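**Q** The following block contains the structure, expressed as structure tokens.
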Amino acid sequence: MTTETRDTIQLGDLVAAAFDEAETCSTDPQVVSRLVTLMVNEFLRWAPRTAVRLRPRATDDRQATGDGRATG
């Protein structure tokens with residue numbers, strides 16, 4: 001039985017690894033760029049979605065309330 005592990009990776013590291021892999025397939029920069037685009041898009045399509053929780057931003061001198069409205 002094998003266990004699947006998931007690690008996080010920075011997008012820049014993913015793109016760099018994709019370029020390294022694509023450069024082994026072609027020396028044409030346009031082909032390499034297209035391969036990287038395809039690889040990164042495919043990876044991001046199947047990557048698990050992570051919920052990003054955004055904090056309400058206070059505008060001007062107003063304080064943000066818990067329900068997202070600003071009070072003056």
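Labeling convention for the structure tokens: chains A, B, ... as they appear, residues from 1 per chain, ligands from 1 in order of appearance.
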Skipping near chain neighbours, those fewer than 4 positions away, what residues fall within 9 Å of region 14-20 of chain A using only C-alpha atoms, listed as a VMD selection string?
**A** chain A and resid 9 to 10 24 32 to 33 35 to 37 39 to 40
**Q** Please produce an output containing N, CA and C atoms for each residue in the selection, written as a compact mmCIF listing (two decimals), in the first residue's frame.
**A**
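And here's part16.txt as it stands now:
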# COMPACT_ATOMS: atom_id res chain seq x y z
N ILE A 9 4.27 24.04 -3.16
CA ILE A 9 5.39 24.53 -3.95
C ILE A 9 5.06 25.96 -4.37
N GLN A 10 6.06 26.78 -4.41
CA GLN A 10 5.87 28.15 -4.88
C GLN A 10 5.69 28.12 -6.40
N THR A 24 14.70 19.97 -22.06
CA THR A 24 15.24 18.67 -22.48
C THR A 24 14.54 18.16 -23.73
N VAL A 32 9.67 25.59 -26.21
CA VAL A 32 9.89 25.45 -24.77
C VAL A 32 8.84 26.25 -24.00
N SER A 33 8.59 27.49 -24.42
CA SER A 33 7.61 28.32 -23.75
C SER A 33 6.21 27.70 -23.83
N LEU A 35 5.48 24.49 -24.19
CA LEU A 35 5.45 23.30 -23.33
C LEU A 35 5.29 23.69 -21.85
N VAL A 36 6.00 24.74 -21.44
CA VAL A 36 5.90 25.20 -20.05
C VAL A 36 4.47 25.67 -19.77
N THR A 37 3.90 26.41 -20.68
CA THR A 37 2.53 26.88 -20.51
C THR A 37 1.57 25.71 -20.34
N MET A 39 2.30 22.62 -19.36
CA MET A 39 2.57 21.89 -18.12
C MET A 39 2.02 22.62 -16.90
N VAL A 40 2.26 23.92 -16.82
CA VAL A 40 1.80 24.69 -15.66
C VAL A 40 0.28 24.74 -15.62
**Q** In Å, with one decimal, what is the gap from CA of Cys25 (chain A) to CA of Asp13 (chain A)?
**A**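 The value is 19.2 Å.
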**Q** When you draw a straight line from CA of Arg45 (chain A) to CA of Pro29 (chain A), how long is it in Å?
**A**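 Value for the CA of Arg45 (chain A)-CA of Pro29 (chain A) distance: 24.1 Å.
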